[in-house]
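Just model05.pdb here, PDB, C-alpha atoms:
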ATOM      1  CA  MET A   1      16.442  20.149   7.733
ATOM      2  CA  THR A   2      19.344  17.743   7.895
ATOM      3  CA  ILE A   3      19.047  14.078   6.973
ATOM      4  CA  TYR A   4      21.789  11.802   8.166
ATOM      5  CA  TRP A   5      22.412   8.810   5.945
ATOM      6  CA  ASP A   6      23.655   5.662   7.627
ATOM      7  CA  ARG A   7      24.566   2.370   6.112
ATOM      8  CA  CYS A   8      21.990  -0.417   6.394
ATOM      9  CA  ASP A   9      23.534  -3.421   8.109
ATOM     10  CA  LEU A  10      21.615  -5.878   5.906
ATOM     11  CA  CYS A  11      21.873  -4.540   2.351
ATOM     12  CA  GLY A  12      24.754  -2.066   2.692
ATOM     13  CA  GLN A  13      22.930   0.847   1.021
ATOM     14  CA  TYR A  14      23.311   4.357   2.436
ATOM     15  CA  ARG A  15      19.783   5.323   3.447
ATOM     16  CA  PRO A  16      18.026   6.583   6.576
ATOM     17  CA  THR A  17      18.145   3.736   9.112
ATOM     18  CA  ARG A  18      16.615   2.863  12.445
ATOM     19  CA  SER A  19      17.401   0.259  15.054
ATOM     20  CA  CYS A  20      15.654  -3.109  14.499
ATOM     21  CA  THR A  21      13.130  -4.065  17.185
ATOM     22  CA  ILE A  22      14.056  -7.774  17.157
ATOM     23  CA  ILE A  23      17.854  -7.339  16.994
ATOM     24  CA  PRO A  24      18.608  -3.847  18.402
ATOM     25  CA  SER A  25      22.251  -3.953  17.284
ATOM     26  CA  LEU A  26      21.151  -3.906  13.598
ATOM     27  CA  GLN A  27      20.452  -0.661  11.748
ATOM     28  CA  VAL A  28      17.899  -1.322   8.974
ATOM     29  CA  ASP A  29      16.392   0.819   6.242
ATOM     30  CA  ILE A  30      12.730   0.769   5.242
ATOM     31  CA  HIS A  31      13.274  -1.696   2.364
ATOM     32  CA  CYS A  32      14.956  -4.347   4.502
ATOM     33  CA  CYS A  33      12.417  -3.880   7.305
ATOM     34  CA  ALA A  34       9.498  -4.322   4.875
ATOM     35  CA  ALA A  35      11.125  -7.431   3.334
ATOM     36  CA  CYS A  36      11.962  -9.031   6.688
ATOM     37  CA  PRO A  37      10.593 -12.595   7.038
ATOM     38  CA  TYR A  38       9.852 -11.974  10.732
ATOM     39  CA  ARG A  39       7.555  -9.027   9.980
ATOM     40  CA  GLY A  40       4.050  -9.887  11.154
ATOM     41  CA  ASN A  41       4.938 -13.134  12.946
ATOM     42  CA  LYS A  42       7.652 -12.471  15.528
ATOM     43  CA  CYS A  43       7.932  -8.719  15.025
ATOM     44  CA  THR A  44       4.861  -7.184  16.631
ATOM     45  CA  SER A  45       5.991  -3.556  16.321
ATOM     46  CA  PRO A  46       8.189  -3.049  13.222
ATOM     47  CA  THR A  47      10.711  -0.237  13.185
ATOM     48  CA  TRP A  48       9.370   1.167   9.931
ATOM     49  CA  LYS A  49       5.568   1.248   9.839
ATOM     50  CA  ILE A  50       3.964   1.542   6.425
ATOM     51  CA  GLU A  51       0.560   3.204   6.433
ATOM     52  CA  VAL A  52      -1.677   3.946   3.477
ATOM     53  CA  PRO A  53      -3.977   6.936   3.932
ATOM     54  CA  SER A  54      -7.646   6.165   3.510
ATOM     55  CA  THR A  55      -9.438   8.349   1.006
ATOM     56  CA  GLY A  56     -12.856   6.875   1.703
ATOM     57  CA  LEU A  57     -15.036   4.789  -0.537
ATOM     58  CA  LYS A  58     -17.092   6.406  -3.228
ATOM     59  CA  THR A  59     -20.660   5.202  -3.228
ATOM     60  CA  ARG A  60     -22.486   4.445  -6.429
ATOM     61  CA  ARG A  61     -25.765   6.162  -6.990
ATOM     62  CA  GLU A  62     -28.780   3.913  -7.175
ATOM     63  CA  ILE A  63     -30.312   3.513 -10.623
ATOM     64  CA  SER A  64     -33.987   2.821 -10.937
ATOM     65  CA  SER A  65     -35.170  -0.269 -12.785
ATOM     66  CA  GLU A  66     -36.631   1.896 -15.581
ATOM     67  CA  GLU A  67     -33.264   3.614 -16.042
ATOM     68  CA  LYS A  68     -31.515   0.206 -16.132
ATOM     69  CA  GLU A  69     -33.890  -1.069 -18.817
ATOM     70  CA  ARG A  70     -33.437   2.115 -20.876
ATOM     71  CA  LEU A  71     -29.641   1.806 -20.677
ATOM     72  CA  LEU A  72     -29.803  -1.874 -21.621
ATOM     73  CA  ARG A  73     -31.949  -1.128 -24.682
ATOM     74  CA  GLU A  74     -29.556   1.672 -25.671
ATOM     75  CA  LEU A  75     -26.552  -0.643 -25.364
ATOM     76  CA  GLU A  76     -28.280  -3.374 -27.377
ATOM     77  CA  SER A  77     -29.124  -0.900 -30.158
ATOM     78  CA  LEU A  78     -25.503   0.270 -30.249
ATOM     79  CA  LEU A  79     -24.275  -3.317 -30.497
ATOM     80  CA  LYS A  80     -26.712  -4.181 -33.289
ATOM     81  CA  GLY A  81     -25.740  -1.040 -35.225
ATOM     82  CA  SER A  82     -22.041  -1.897 -35.369
TER      83      SER A  82
END
Render the structure in this file as structure tokens.
Amino acid sequence: MTIYWDRCDLCGQYRPTRSCTIIPSLQVDIHCCAACPYRGNKCTSPTWKIEVPSTGLKTRREISSEEKERLLRELESLLKGS
């Protein structure tokens, strides 16, 4: 696999770049694209899309009221003992 490093037209760093969607003559890296003030307002489809994978939410198990009372008494006894 070959990665070609170009120079970002905004910051000057040598990183992988892509053509900007708003100004196609600019080559921008991911950092400058993410920090762009037009991202979200004028730029509807950014060159570099940042996605966070969803791992799913963990559900809490339901605790009965008797179990809650037992845990509360246990916590109170620990607090009084110290």
Long-range neighbours of stretch 49-66 of chain A as a list in words, 12 Å cut-off, only C-alpha atoms, 6 positions minimum in chain: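 Once the adjacent positions are removed, what remains is Arg18, Cys20, Thr21, Asp29, Ile30, His31, Cys33, Ala34, Ala35, Arg39, Gly40, Cys43, Leu72 and Arg73 of chain A.
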For the residues selected in the previous step, produce a file with C-alpha atoms as an mmCIF file, in the coordinates of the input.
data_model
loop_
_atom_site.group_PDB
_atom_site.id
_atom_site.type_symbol
_atom_site.label_atom_id
_atom_site.label_comp_id
_atom_site.auth_asym_id
_atom_site.auth_seq_id
_atom_site.Cartn_x
_atom_site.Cartn_y
_atom_site.Cartn_z
ATOM 1 C CA ARG A 18 16.615 2.863 12.445
ATOM 2 C CA CYS A 20 15.654 -3.109 14.499
ATOM 3 C CA THR A 21 13.130 -4.065 17.185
ATOM 4 C CA ASP A 29 16.392 0.819 6.242
ATOM 5 C CA ILE A 30 12.730 0.769 5.242
ATOM 6 C CA HIS A 31 13.274 -1.696 2.364
ATOM 7 C CA CYS A 33 12.417 -3.880 7.305
ATOM 8 C CA ALA A 34 9.498 -4.322 4.875
ATOM 9 C CA ALA A 35 11.125 -7.431 3.334
ATOM 10 C CA ARG A 39 7.555 -9.027 9.980
ATOM 11 C CA GLY A 40 4.050 -9.887 11.154
ATOM 12 C CA CYS A 43 7.932 -8.719 15.025
ATOM 13 C CA LEU A 72 -29.803 -1.874 -21.621
ATOM 14 C CA ARG A 73 -31.949 -1.128 -24.682
#
Draw an axis-aligned box tight on the listed atoms of stretch 24-39 of chain A, then pad every side by 6 Å and write out centre and edge lengths in Å to one decimal as JSON.
{"center_x": 14.9, "center_y": -5.9, "center_z": 10.4, "size_x": 26.7, "size_y": 25.4, "size_z": 28.0}
Point-to-point distance from atom CA of A:Gln13 to atom CA of A:Gln27, Å rounded to tenths: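 A separation of 11.1 Å between them.
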Straight-line distance linking atom CA of A:Ser45 with atom CA of A:Cys8, stated in Å to one decimal: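 Interatomic distance, atom CA of A:Ser45 to atom CA of A:Cys8: 19.1 Å.
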Pairwise distance for atom CA of A:Asp6 and atom CA of A:Ser19, rounded to one decimal in Å: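 Atom-to-atom, atom CA of A:Asp6 and atom CA of A:Ser19 are spaced 11.1 Å apart.
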Answer key for the PyMOL selection byres ((chain A and resi 9) around 8), residues as a PyMOL selection string: chain A and resi 7-8+10-12+26-28
